[in-house]
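S.K.: Quick one, query.txt (compact mmCIF, N, CA and C atoms):
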```txt
# COMPACT_ATOMS: atom_id res chain seq x y z
N MET A 1 0.84 -1.17 0.00
CA MET A 1 0.00 0.00 0.00
C MET A 1 0.89 1.24 0.00
N ARG A 2 0.56 2.21 -0.81
CA ARG A 2 1.30 3.46 -0.89
C ARG A 2 0.50 4.57 -0.25
N ARG A 3 1.23 5.46 0.43
CA ARG A 3 0.60 6.64 1.02
C ARG A 3 1.40 7.86 0.60
N GLN A 4 0.72 8.92 0.31
CA GLN A 4 1.37 10.18 -0.01
C GLN A 4 1.35 11.05 1.23
N ILE A 5 2.52 11.51 1.64
CA ILE A 5 2.65 12.35 2.82
C ILE A 5 3.28 13.67 2.38
N ALA A 6 2.45 14.71 2.34
CA ALA A 6 2.90 16.02 1.87
C ALA A 6 4.05 16.54 2.73
N GLY A 7 5.11 17.01 2.08
CA GLY A 7 6.24 17.60 2.76
C GLY A 7 7.29 16.62 3.24
N LEU A 8 7.09 15.34 3.01
CA LEU A 8 8.03 14.32 3.49
C LEU A 8 9.42 14.51 2.90
N HIS A 9 9.51 14.81 1.62
CA HIS A 9 10.81 14.93 0.96
C HIS A 9 11.63 16.10 1.50
N ALA A 10 10.97 17.12 2.00
CA ALA A 10 11.66 18.32 2.47
C ALA A 10 12.00 18.27 3.96
N ALA A 11 11.46 17.31 4.65
CA ALA A 11 11.69 17.22 6.10
C ALA A 11 12.96 16.43 6.36
N ASP A 12 13.99 17.13 6.86
CA ASP A 12 15.23 16.43 7.13
C ASP A 12 15.50 16.30 8.62
N ARG A 13 14.85 17.12 9.43
CA ARG A 13 15.05 17.05 10.88
C ARG A 13 13.74 17.33 11.58
N CYS A 14 13.59 16.76 12.75
CA CYS A 14 12.42 17.01 13.59
C CYS A 14 12.47 18.45 14.09
N ALA A 15 11.32 19.10 14.20
CA ALA A 15 11.27 20.48 14.68
C ALA A 15 11.87 20.62 16.07
N ALA A 16 11.73 19.58 16.89
CA ALA A 16 12.28 19.64 18.25
C ALA A 16 13.80 19.77 18.23
N ASP A 17 14.46 19.22 17.22
CA ASP A 17 15.91 19.32 17.13
C ASP A 17 16.35 20.74 16.82
N GLN A 18 15.45 21.57 16.31
CA GLN A 18 15.78 22.94 15.96
C GLN A 18 15.56 23.90 17.14
N LEU A 19 14.98 23.40 18.20
CA LEU A 19 14.73 24.23 19.37
C LEU A 19 15.98 24.32 20.23
N PRO A 20 16.25 25.48 20.78
CA PRO A 20 17.40 25.61 21.67
C PRO A 20 17.09 25.03 23.05
N ASP A 21 18.13 24.73 23.80
CA ASP A 21 17.96 24.36 25.21
C ASP A 21 17.55 25.63 25.93
N ALA A 22 16.31 25.69 26.38
CA ALA A 22 15.79 26.94 26.94
C ALA A 22 14.51 26.69 27.71
N LEU A 23 13.92 27.79 28.20
CA LEU A 23 12.63 27.76 28.88
C LEU A 23 11.54 28.09 27.88
N PHE A 24 10.39 27.42 28.02
CA PHE A 24 9.26 27.67 27.14
C PHE A 24 7.98 27.65 27.96
N LEU A 25 7.04 28.50 27.58
CA LEU A 25 5.69 28.43 28.12
C LEU A 25 4.93 27.49 27.20
N VAL A 26 4.34 26.44 27.77
CA VAL A 26 3.71 25.39 26.95
C VAL A 26 2.32 25.04 27.47
N ARG A 27 1.57 24.36 26.61
CA ARG A 27 0.26 23.82 26.97
C ARG A 27 0.26 22.34 26.61
N VAL A 28 -0.27 21.52 27.50
CA VAL A 28 -0.34 20.08 27.24
C VAL A 28 -1.36 19.83 26.13
N GLN A 29 -0.88 19.20 25.06
CA GLN A 29 -1.74 18.93 23.93
C GLN A 29 -2.21 17.48 23.89
N ARG A 30 -1.30 16.56 24.27
CA ARG A 30 -1.63 15.14 24.21
C ARG A 30 -0.84 14.40 25.28
N VAL A 31 -1.45 13.40 25.89
CA VAL A 31 -0.81 12.58 26.91
C VAL A 31 -1.23 11.14 26.69
N GLN A 32 -0.27 10.23 26.79
CA GLN A 32 -0.61 8.82 26.61
C GLN A 32 0.28 7.96 27.51
N PHE A 33 -0.35 7.05 28.25
CA PHE A 33 0.38 6.16 29.14
C PHE A 33 0.99 5.02 28.34
N ARG A 34 2.22 4.67 28.69
CA ARG A 34 2.94 3.54 28.07
C ARG A 34 3.59 2.72 29.16
N ARG A 35 3.70 1.44 28.93
CA ARG A 35 4.38 0.57 29.88
C ARG A 35 5.56 -0.07 29.15
N GLN A 36 6.75 0.12 29.70
CA GLN A 36 7.96 -0.44 29.13
C GLN A 36 8.69 -1.17 30.25
N ALA A 37 8.64 -2.49 30.21
CA ALA A 37 9.26 -3.33 31.23
C ALA A 37 8.88 -2.82 32.62
N GLN A 38 9.86 -2.39 33.41
CA GLN A 38 9.56 -1.91 34.75
C GLN A 38 9.57 -0.39 34.83
N LYS A 39 9.53 0.30 33.69
CA LYS A 39 9.55 1.76 33.67
C LYS A 39 8.33 2.30 32.95
N PRO A 40 7.18 2.33 33.62
CA PRO A 40 6.02 2.94 32.96
C PRO A 40 6.25 4.44 32.79
N TYR A 41 5.65 5.01 31.74
CA TYR A 41 5.83 6.44 31.48
C TYR A 41 4.65 7.01 30.72
N TYR A 42 4.57 8.32 30.74
CA TYR A 42 3.62 9.05 29.92
C TYR A 42 4.39 9.75 28.81
N THR A 43 3.91 9.63 27.59
CA THR A 43 4.44 10.48 26.53
C THR A 43 3.59 11.75 26.56
N VAL A 44 4.25 12.88 26.53
CA VAL A 44 3.54 14.15 26.55
C VAL A 44 3.93 14.96 25.33
N ALA A 45 2.93 15.54 24.70
CA ALA A 45 3.15 16.46 23.59
C ALA A 45 2.74 17.83 24.09
N LEU A 46 3.68 18.76 24.05
CA LEU A 46 3.49 20.10 24.58
C LEU A 46 3.56 21.12 23.44
N ALA A 47 2.53 21.93 23.32
CA ALA A 47 2.50 22.99 22.31
C ALA A 47 3.14 24.24 22.90
N ILE A 48 4.13 24.77 22.20
CA ILE A 48 4.82 25.97 22.69
C ILE A 48 3.95 27.20 22.45
N LEU A 49 3.78 27.98 23.52
CA LEU A 49 3.02 29.23 23.45
C LEU A 49 3.96 30.43 23.38
N GLU A 50 5.04 30.40 24.14
CA GLU A 50 6.03 31.48 24.20
C GLU A 50 7.41 30.86 24.32
N PRO A 51 8.44 31.49 23.83
CA PRO A 51 8.50 32.72 23.06
C PRO A 51 7.74 32.57 21.74
N SER A 52 7.16 33.67 21.31
CA SER A 52 6.30 33.64 20.12
C SER A 52 7.03 33.15 18.88
N ARG A 53 8.34 33.33 18.86
CA ARG A 53 9.15 32.86 17.73
C ARG A 53 8.99 31.35 17.51
N PHE A 54 8.73 30.61 18.60
CA PHE A 54 8.59 29.16 18.52
C PHE A 54 7.15 28.70 18.67
N SER A 55 6.23 29.65 18.75
CA SER A 55 4.82 29.32 18.92
C SER A 55 4.36 28.39 17.81
N GLY A 56 3.63 27.38 18.19
CA GLY A 56 3.14 26.40 17.22
C GLY A 56 3.98 25.15 17.13
N HIS A 57 5.24 25.19 17.58
CA HIS A 57 6.05 23.99 17.61
C HIS A 57 5.50 23.04 18.68
N ILE A 58 5.64 21.77 18.44
CA ILE A 58 5.23 20.75 19.41
C ILE A 58 6.49 20.04 19.89
N ILE A 59 6.63 19.92 21.20
CA ILE A 59 7.74 19.15 21.74
C ILE A 59 7.16 17.92 22.43
N SER A 60 7.83 16.80 22.24
CA SER A 60 7.38 15.55 22.84
C SER A 60 8.49 14.95 23.67
N SER A 61 8.10 14.39 24.79
CA SER A 61 9.08 13.74 25.66
C SER A 61 8.35 12.74 26.54
N ARG A 62 9.10 12.14 27.44
CA ARG A 62 8.54 11.16 28.36
C ARG A 62 8.64 11.66 29.79
N LEU A 63 7.65 11.30 30.58
CA LEU A 63 7.69 11.50 32.03
C LEU A 63 7.49 10.13 32.66
N TYR A 64 8.54 9.63 33.30
CA TYR A 64 8.49 8.28 33.85
C TYR A 64 7.70 8.24 35.15
N CYS A 65 7.10 7.08 35.42
CA CYS A 65 6.26 6.89 36.60
C CYS A 65 6.79 5.78 37.51
N ASN A 66 8.01 5.34 37.30
CA ASN A 66 8.58 4.34 38.19
C ASN A 66 8.93 5.01 39.52
N PRO A 67 9.09 4.25 40.60
CA PRO A 67 9.31 4.86 41.92
C PRO A 67 10.45 5.88 41.98
N LYS A 68 11.54 5.65 41.26
CA LYS A 68 12.67 6.59 41.30
C LYS A 68 12.37 7.92 40.61
N ALA A 69 11.38 7.94 39.73
CA ALA A 69 11.10 9.15 38.95
C ALA A 69 9.79 9.84 39.34
N LEU A 70 9.10 9.31 40.34
CA LEU A 70 7.82 9.91 40.72
C LEU A 70 7.94 11.35 41.17
N TRP A 71 9.06 11.72 41.78
CA TRP A 71 9.25 13.10 42.23
C TRP A 71 9.13 14.08 41.06
N LYS A 72 9.68 13.70 39.90
CA LYS A 72 9.66 14.59 38.74
C LYS A 72 8.25 14.67 38.15
N PHE A 73 7.57 13.53 38.11
CA PHE A 73 6.21 13.50 37.60
C PHE A 73 5.29 14.34 38.50
N ASN A 74 5.48 14.23 39.81
CA ASN A 74 4.71 15.02 40.77
C ASN A 74 5.00 16.51 40.58
N TRP A 75 6.26 16.85 40.35
CA TRP A 75 6.66 18.24 40.10
C TRP A 75 5.92 18.79 38.89
N PHE A 76 5.90 18.01 37.81
CA PHE A 76 5.20 18.40 36.58
C PHE A 76 3.72 18.64 36.87
N LEU A 77 3.07 17.66 37.51
CA LEU A 77 1.64 17.78 37.79
C LEU A 77 1.33 18.99 38.67
N SER A 78 2.12 19.18 39.70
CA SER A 78 1.89 20.29 40.63
C SER A 78 2.05 21.64 39.95
N ASP A 79 3.14 21.82 39.23
CA ASP A 79 3.41 23.12 38.61
C ASP A 79 2.49 23.43 37.44
N PHE A 80 1.95 22.41 36.81
CA PHE A 80 1.05 22.63 35.69
C PHE A 80 -0.41 22.76 36.15
N GLY A 81 -0.64 22.73 37.47
CA GLY A 81 -1.97 22.97 38.00
C GLY A 81 -2.92 21.80 37.94
N TYR A 82 -2.37 20.58 38.01
CA TYR A 82 -3.22 19.39 38.01
C TYR A 82 -4.10 19.38 39.25
N ASP A 83 -5.26 18.80 39.17
CA ASP A 83 -6.23 18.73 40.26
C ASP A 83 -5.61 18.13 41.52
N LEU A 84 -5.52 18.93 42.58
CA LEU A 84 -4.88 18.49 43.82
C LEU A 84 -5.63 17.35 44.50
N GLU A 85 -6.94 17.30 44.33
CA GLU A 85 -7.72 16.21 44.92
C GLU A 85 -7.35 14.88 44.26
N LEU A 86 -7.28 14.87 42.93
CA LEU A 86 -6.87 13.65 42.23
C LEU A 86 -5.43 13.28 42.58
N LEU A 87 -4.56 14.27 42.63
CA LEU A 87 -3.16 14.02 42.98
C LEU A 87 -3.05 13.44 44.38
N GLY A 88 -3.87 13.94 45.31
CA GLY A 88 -3.88 13.44 46.67
C GLY A 88 -4.34 11.99 46.77
N ARG A 89 -5.13 11.55 45.79
CA ARG A 89 -5.58 10.15 45.75
C ARG A 89 -4.70 9.29 44.85
N ASP A 90 -3.55 9.85 44.40
CA ASP A 90 -2.62 9.14 43.51
C ASP A 90 -3.28 8.73 42.19
N GLU A 91 -4.19 9.56 41.69
CA GLU A 91 -4.89 9.28 40.44
C GLU A 91 -4.43 10.25 39.35
N VAL A 92 -4.22 9.71 38.16
CA VAL A 92 -3.89 10.54 37.00
C VAL A 92 -4.98 10.32 35.96
N ASP A 93 -5.72 11.37 35.67
CA ASP A 93 -6.75 11.35 34.65
C ASP A 93 -6.20 12.10 33.43
N GLU A 94 -5.90 11.35 32.39
CA GLU A 94 -5.27 11.94 31.20
C GLU A 94 -6.12 13.07 30.62
N THR A 95 -7.43 12.96 30.69
CA THR A 95 -8.28 14.01 30.13
C THR A 95 -8.15 15.31 30.92
N GLN A 96 -7.82 15.22 32.21
CA GLN A 96 -7.63 16.41 33.03
C GLN A 96 -6.30 17.12 32.76
N LEU A 97 -5.37 16.41 32.13
CA LEU A 97 -4.07 16.99 31.82
C LEU A 97 -4.10 17.87 30.56
N ILE A 98 -4.97 17.50 29.62
CA ILE A 98 -5.05 18.24 28.36
C ILE A 98 -5.45 19.69 28.63
N GLY A 99 -4.67 20.61 28.09
CA GLY A 99 -4.96 22.03 28.23
C GLY A 99 -4.24 22.70 29.38
N LEU A 100 -3.63 21.93 30.29
CA LEU A 100 -2.89 22.55 31.38
C LEU A 100 -1.67 23.27 30.82
N SER A 101 -1.29 24.38 31.44
CA SER A 101 -0.15 25.17 30.97
C SER A 101 0.88 25.31 32.06
N GLY A 102 2.12 25.52 31.63
CA GLY A 102 3.21 25.75 32.56
C GLY A 102 4.48 26.08 31.81
N VAL A 103 5.53 26.27 32.58
CA VAL A 103 6.85 26.57 32.01
C VAL A 103 7.66 25.29 32.08
N VAL A 104 8.39 25.01 31.02
CA VAL A 104 9.24 23.83 30.99
C VAL A 104 10.64 24.24 30.51
N LYS A 105 11.64 23.65 31.12
CA LYS A 105 13.02 23.85 30.69
C LYS A 105 13.43 22.58 29.95
N ILE A 106 13.88 22.74 28.71
CA ILE A 106 14.27 21.57 27.93
C ILE A 106 15.76 21.59 27.63
N SER A 107 16.27 20.40 27.38
CA SER A 107 17.64 20.25 26.90
C SER A 107 17.67 19.05 25.98
N HIS A 108 18.70 18.99 25.18
CA HIS A 108 18.89 17.86 24.28
C HIS A 108 20.05 17.01 24.79
N VAL A 109 19.86 15.71 24.80
CA VAL A 109 20.91 14.78 25.21
C VAL A 109 21.04 13.71 24.14
N VAL A 110 22.22 13.13 24.06
CA VAL A 110 22.45 12.04 23.12
C VAL A 110 22.68 10.77 23.93
N LEU A 111 21.83 9.77 23.70
CA LEU A 111 21.94 8.48 24.36
C LEU A 111 22.04 7.41 23.28
N ASN A 112 23.11 6.65 23.32
CA ASN A 112 23.31 5.58 22.34
C ASN A 112 23.15 6.06 20.90
N GLY A 113 23.64 7.25 20.63
CA GLY A 113 23.61 7.80 19.28
C GLY A 113 22.29 8.44 18.89
N THR A 114 21.32 8.46 19.79
CA THR A 114 20.02 9.06 19.50
C THR A 114 19.86 10.35 20.27
N SER A 115 19.46 11.41 19.58
CA SER A 115 19.23 12.70 20.23
C SER A 115 17.83 12.69 20.83
N LEU A 116 17.77 12.98 22.14
CA LEU A 116 16.50 13.00 22.84
C LEU A 116 16.27 14.36 23.48
N LEU A 117 15.00 14.73 23.58
CA LEU A 117 14.64 15.97 24.24
C LEU A 117 14.29 15.62 25.69
N ARG A 118 14.92 16.30 26.62
CA ARG A 118 14.72 16.02 28.05
C ARG A 118 14.01 17.20 28.70
N LEU A 119 13.05 16.88 29.55
CA LEU A 119 12.35 17.91 30.34
C LEU A 119 13.11 18.04 31.65
N ASP A 120 13.81 19.17 31.83
CA ASP A 120 14.69 19.35 32.98
C ASP A 120 14.04 20.02 34.18
N GLY A 121 13.00 20.81 33.96
CA GLY A 121 12.39 21.52 35.06
C GLY A 121 11.05 22.11 34.68
N PHE A 122 10.29 22.47 35.70
CA PHE A 122 8.94 22.99 35.50
C PHE A 122 8.68 24.17 36.43
N ALA A 123 7.72 24.99 36.05
CA ALA A 123 7.27 26.10 36.89
C ALA A 123 5.83 26.42 36.48
N PRO A 124 5.06 27.01 37.38
CA PRO A 124 3.69 27.41 37.03
C PRO A 124 3.70 28.45 35.91
N ALA A 125 2.66 28.44 35.09
CA ALA A 125 2.55 29.38 33.96
C ALA A 125 2.61 30.83 34.44
N GLY A 126 2.12 31.11 35.63
CA GLY A 126 2.12 32.46 36.17
C GLY A 126 3.51 33.04 36.39
N ARG A 127 4.52 32.20 36.37
CA ARG A 127 5.89 32.68 36.56
C ARG A 127 6.62 32.94 35.24
N TRP A 128 5.92 32.80 34.11
CA TRP A 128 6.58 32.95 32.81
C TRP A 128 7.24 34.32 32.66
N GLU A 129 6.54 35.39 33.00
CA GLU A 129 7.11 36.73 32.83
C GLU A 129 8.42 36.87 33.61
N GLU A 130 8.45 36.33 34.80
CA GLU A 130 9.63 36.39 35.65
C GLU A 130 10.78 35.53 35.10
N LEU A 131 10.44 34.37 34.54
CA LEU A 131 11.45 33.41 34.10
C LEU A 131 11.79 33.48 32.62
N SER A 132 10.99 34.21 31.84
CA SER A 132 11.19 34.21 30.38
C SER A 132 12.60 34.64 30.02
N PRO A 133 13.12 34.07 28.95
CA PRO A 133 14.50 34.38 28.54
C PRO A 133 14.77 35.86 28.36
N ALA A 134 13.77 36.64 27.98
CA ALA A 134 13.96 38.07 27.77
C ALA A 134 14.25 38.79 29.10
N ASN A 135 13.83 38.20 30.20
CA ASN A 135 14.01 38.83 31.51
C ASN A 135 15.20 38.27 32.30
N ILE A 136 15.89 37.30 31.76
CA ILE A 136 17.03 36.73 32.45
C ILE A 136 18.29 37.33 31.84
N ASP A 137 18.95 38.18 32.57
CA ASP A 137 20.18 38.85 32.12
C ASP A 137 19.98 39.61 30.81
N GLY A 138 18.75 39.96 30.49
CA GLY A 138 18.49 40.74 29.28
C GLY A 138 18.77 39.98 28.00
N SER A 139 18.97 38.66 28.08
CA SER A 139 19.31 37.89 26.89
C SER A 139 18.05 37.40 26.20
N GLN A 140 18.18 37.11 24.94
CA GLN A 140 17.09 36.56 24.13
C GLN A 140 17.39 35.12 23.80
N VAL A 141 16.35 34.33 23.55
CA VAL A 141 16.55 32.95 23.11
C VAL A 141 17.12 33.00 21.71
N ALA A 142 18.24 32.32 21.51
CA ALA A 142 18.92 32.37 20.20
C ALA A 142 18.27 31.44 19.20
```
Once more with this new file: its structure as structure tokens, please.
M.R.:
Amino acid sequence: MRRQIAGLHAADRCAADQLPDALFLVRVQRVQFRRQAQKPYYTVALAILEPSRFSGHIISSRLYCNPKALWKFNWFLSDFGYDLELLGRDEVDETQLIGLSGVVKISHVVLNGTSLLRLDGFAPAGRWEELSPANIDGSQVA
């Protein structure tokens, strides 16, 4: 079976590879639970809202749910404004995650020859003005 995919011939790199290691204001667009051996995780697709130069880009990464990584997943949920009642009952409702906003710090790492996007830190969306690259040492995102 053949499929025509518009723009395939011109796409040489993923948009995420073109993003700098920086802070972004994002909104959760898609979340999906996956189980991989003893490391369950959520794949998250985040739509960039700010800086406006990158608005519309989608970044995807994993948030692991194994015992060693729960602190980071909890940090993400808390800073993105996830329902505290559900969090208090150790429940994750994927539909409640869609549309949540926050600040994320990303970096790129190479593991076994593969470039991966890593979510290094989170902050509530209300702190974007304070944390935005334009307000840190007067520098702009390159």
S.K.: Could you tell me how far CA of Ala22 in chain A sits from CA of Thr114 in chain A, in Å to one decimal place?
M.R.: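 Taking CA of Thr114 in chain A as the start and CA of Ala22 in chain A as the end point, the length is 19.8 Å.
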S.K.: Which is closest to Ser101 in chain A among A:Pro124, A:Arg30, A:Leu116, A:Ser60, if we use only N, CA and C atoms?
M.R.: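 Of the candidates, the smallest distance to Ser101 in chain A is held by A:Pro124.
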S.K.: Compare A:Ile5, A:Val103, A:Val110, A:Leu87 by their minimum atom-to-atom distance to Leu131 in chain A, counting only C-alpha atoms, and give me the closest one.
M.R.: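 Of A:Ile5, A:Val103, A:Val110, A:Leu87, the one nearest Leu131 in chain A, counting only C-alpha atoms, is A:Val103.
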S.K.: I'd like the interatomic distance between CA of Arg53 in chain A and CA of Leu19 in chain A, to a tenth of an Å.
M.R.: 10.4 Å
S.K.: Name the closest residue to Leu117 in chain A among the candidates A:Ser61, A:Asn74, A:Gln96, A:Gln38; distances are taken between atoms, counting only N, CA and C atoms.
M.R.: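 Smallest separation from Leu117 in chain A among the options: A:Ser61.
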S.K.: Name the residues of range 2-141 of chain A that fall into helix (DSSP H, G or I) according to DSSP on the backbone, using the chain letters and numbers of this document, as a CSV table (one decimal) with N, CA and C atoms, in the frame of the given file.
M.R.:
```
chain,number,residue,atom,x,y,z
A,8,LEU,N,7.1,15.3,3.0
A,8,LEU,CA,8.0,14.3,3.5
A,8,LEU,C,9.4,14.5,2.9
A,9,HIS,N,9.5,14.8,1.6
A,9,HIS,CA,10.8,14.9,1.0
A,9,HIS,C,11.6,16.1,1.5
A,10,ALA,N,11.0,17.1,2.0
A,10,ALA,CA,11.7,18.3,2.5
A,10,ALA,C,12.0,18.3,4.0
A,15,ALA,N,11.3,19.1,14.2
A,15,ALA,CA,11.3,20.5,14.7
A,15,ALA,C,11.9,20.6,16.1
A,16,ALA,N,11.7,19.6,16.9
A,16,ALA,CA,12.3,19.6,18.2
A,16,ALA,C,13.8,19.8,18.2
A,17,ASP,N,14.5,19.2,17.2
A,17,ASP,CA,15.9,19.3,17.1
A,17,ASP,C,16.4,20.7,16.8
A,18,GLN,N,15.4,21.6,16.3
A,18,GLN,CA,15.8,22.9,16.0
A,18,GLN,C,15.6,23.9,17.1
A,52,SER,N,7.2,33.7,21.3
A,52,SER,CA,6.3,33.6,20.1
A,52,SER,C,7.0,33.2,18.9
A,53,ARG,N,8.3,33.3,18.9
A,53,ARG,CA,9.2,32.9,17.7
A,53,ARG,C,9.0,31.4,17.5
A,54,PHE,N,8.7,30.6,18.6
A,54,PHE,CA,8.6,29.2,18.5
A,54,PHE,C,7.2,28.7,18.7
A,67,PRO,N,9.1,4.2,40.6
A,67,PRO,CA,9.3,4.9,41.9
A,67,PRO,C,10.4,5.9,42.0
A,68,LYS,N,11.5,5.6,41.3
A,68,LYS,CA,12.7,6.6,41.3
A,68,LYS,C,12.4,7.9,40.6
A,69,ALA,N,11.4,7.9,39.7
A,69,ALA,CA,11.1,9.2,39.0
A,69,ALA,C,9.8,9.8,39.3
A,70,LEU,N,9.1,9.3,40.3
A,70,LEU,CA,7.8,9.9,40.7
A,70,LEU,C,7.9,11.4,41.2
A,71,TRP,N,9.1,11.7,41.8
A,71,TRP,CA,9.2,13.1,42.2
A,71,TRP,C,9.1,14.1,41.1
A,72,LYS,N,9.7,13.7,39.9
A,72,LYS,CA,9.7,14.6,38.7
A,72,LYS,C,8.2,14.7,38.2
A,73,PHE,N,7.6,13.5,38.1
A,73,PHE,CA,6.2,13.5,37.6
A,73,PHE,C,5.3,14.3,38.5
A,74,ASN,N,5.5,14.2,39.8
A,74,ASN,CA,4.7,15.0,40.8
A,74,ASN,C,5.0,16.5,40.6
A,75,TRP,N,6.3,16.8,40.4
A,75,TRP,CA,6.7,18.2,40.1
A,75,TRP,C,5.9,18.8,38.9
A,76,PHE,N,5.9,18.0,37.8
A,76,PHE,CA,5.2,18.4,36.6
A,76,PHE,C,3.7,18.6,36.9
A,77,LEU,N,3.1,17.7,37.5
A,77,LEU,CA,1.6,17.8,37.8
A,77,LEU,C,1.3,19.0,38.7
A,78,SER,N,2.1,19.2,39.7
A,78,SER,CA,1.9,20.3,40.6
A,78,SER,C,2.0,21.6,40.0
A,79,ASP,N,3.1,21.8,39.2
A,79,ASP,CA,3.4,23.1,38.6
A,79,ASP,C,2.5,23.4,37.4
A,84,LEU,N,-5.5,18.9,42.6
A,84,LEU,CA,-4.9,18.5,43.8
A,84,LEU,C,-5.6,17.4,44.5
A,85,GLU,N,-6.9,17.3,44.3
A,85,GLU,CA,-7.7,16.2,44.9
A,85,GLU,C,-7.4,14.9,44.3
A,86,LEU,N,-7.3,14.9,42.9
A,86,LEU,CA,-6.9,13.6,42.2
A,86,LEU,C,-5.4,13.3,42.6
A,87,LEU,N,-4.6,14.3,42.6
A,87,LEU,CA,-3.2,14.0,43.0
A,87,LEU,C,-3.0,13.4,44.4
A,88,GLY,N,-3.9,13.9,45.3
A,88,GLY,CA,-3.9,13.4,46.7
A,88,GLY,C,-4.3,12.0,46.8
A,94,GLU,N,-5.9,11.4,32.4
A,94,GLU,CA,-5.3,11.9,31.2
A,94,GLU,C,-6.1,13.1,30.6
A,95,THR,N,-7.4,13.0,30.7
A,95,THR,CA,-8.3,14.0,30.1
A,95,THR,C,-8.2,15.3,30.9
A,96,GLN,N,-7.8,15.2,32.2
A,96,GLN,CA,-7.6,16.4,33.0
A,96,GLN,C,-6.3,17.1,32.8
A,97,LEU,N,-5.4,16.4,32.1
A,97,LEU,CA,-4.1,17.0,31.8
A,97,LEU,C,-4.1,17.9,30.6
A,125,ALA,N,2.7,28.4,35.1
A,125,ALA,CA,2.6,29.4,34.0
A,125,ALA,C,2.6,30.8,34.4
A,126,GLY,N,2.1,31.1,35.6
A,126,GLY,CA,2.1,32.5,36.2
A,126,GLY,C,3.5,33.0,36.4
A,127,ARG,N,4.5,32.2,36.4
A,127,ARG,CA,5.9,32.7,36.6
A,127,ARG,C,6.6,32.9,35.2
A,128,TRP,N,5.9,32.8,34.1
A,128,TRP,CA,6.6,33.0,32.8
A,128,TRP,C,7.2,34.3,32.7
A,129,GLU,N,6.5,35.4,33.0
A,129,GLU,CA,7.1,36.7,32.8
A,129,GLU,C,8.4,36.9,33.6
A,130,GLU,N,8.4,36.3,34.8
A,130,GLU,CA,9.6,36.4,35.6
A,130,GLU,C,10.8,35.5,35.1
A,131,LEU,N,10.4,34.4,34.5
A,131,LEU,CA,11.4,33.4,34.1
A,131,LEU,C,11.8,33.5,32.6
A,133,PRO,N,13.1,34.1,29.0
A,133,PRO,CA,14.5,34.4,28.5
A,133,PRO,C,14.8,35.9,28.4
A,134,ALA,N,13.8,36.6,28.0
A,134,ALA,CA,14.0,38.1,27.8
A,134,ALA,C,14.2,38.8,29.1
A,135,ASN,N,13.8,38.2,30.2
A,135,ASN,CA,14.0,38.8,31.5
A,135,ASN,C,15.2,38.3,32.3
```
S.K.: Give me the residues within 8 Å of range 81-86 of chain A as a PyMOL selection string, counting only N, CA and C atoms and dropping any in the same chain fewer than 6 places off.
M.R.: chain A and resi 75+92-93+96-97+100-102+123-125
S.K.: I'd like to know which of A:Glu94, A:Gly99, A:Glu130, A:Arg27 is closest to Ala47 in chain A, using only N, CA and C atoms.
M.R.: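 Distance minimum relative to Ala47 in chain A lands on A:Arg27.
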S.K.: So the first atom is atom N of Asp21 in chain A and the second is atom N of His108 in chain A; what is the distance between them in Å, to one decimal place?
M.R.: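 Taking atom N of Asp21 in chain A as the start and atom N of His108 in chain A as the end point, the length is 5.9 Å.
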S.K.: Would you mind telling me which residue in A:His57, A:Ser78, A:Glu50, A:Gly88 lies nearest to Phe122 in chain A when using only C-alpha atoms?
M.R.: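 Smallest distance to Phe122 in chain A is found for A:Ser78.
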S.K.: Which residue is closest to Pro20 in chain A? Choose from A:Ser52, A:Asn112, A:Ser132, A:Ser107 and count only N, CA and C atoms.
M.R.: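 Using only N, CA and C atoms, the shortest distance to Pro20 in chain A belongs to A:Ser107.
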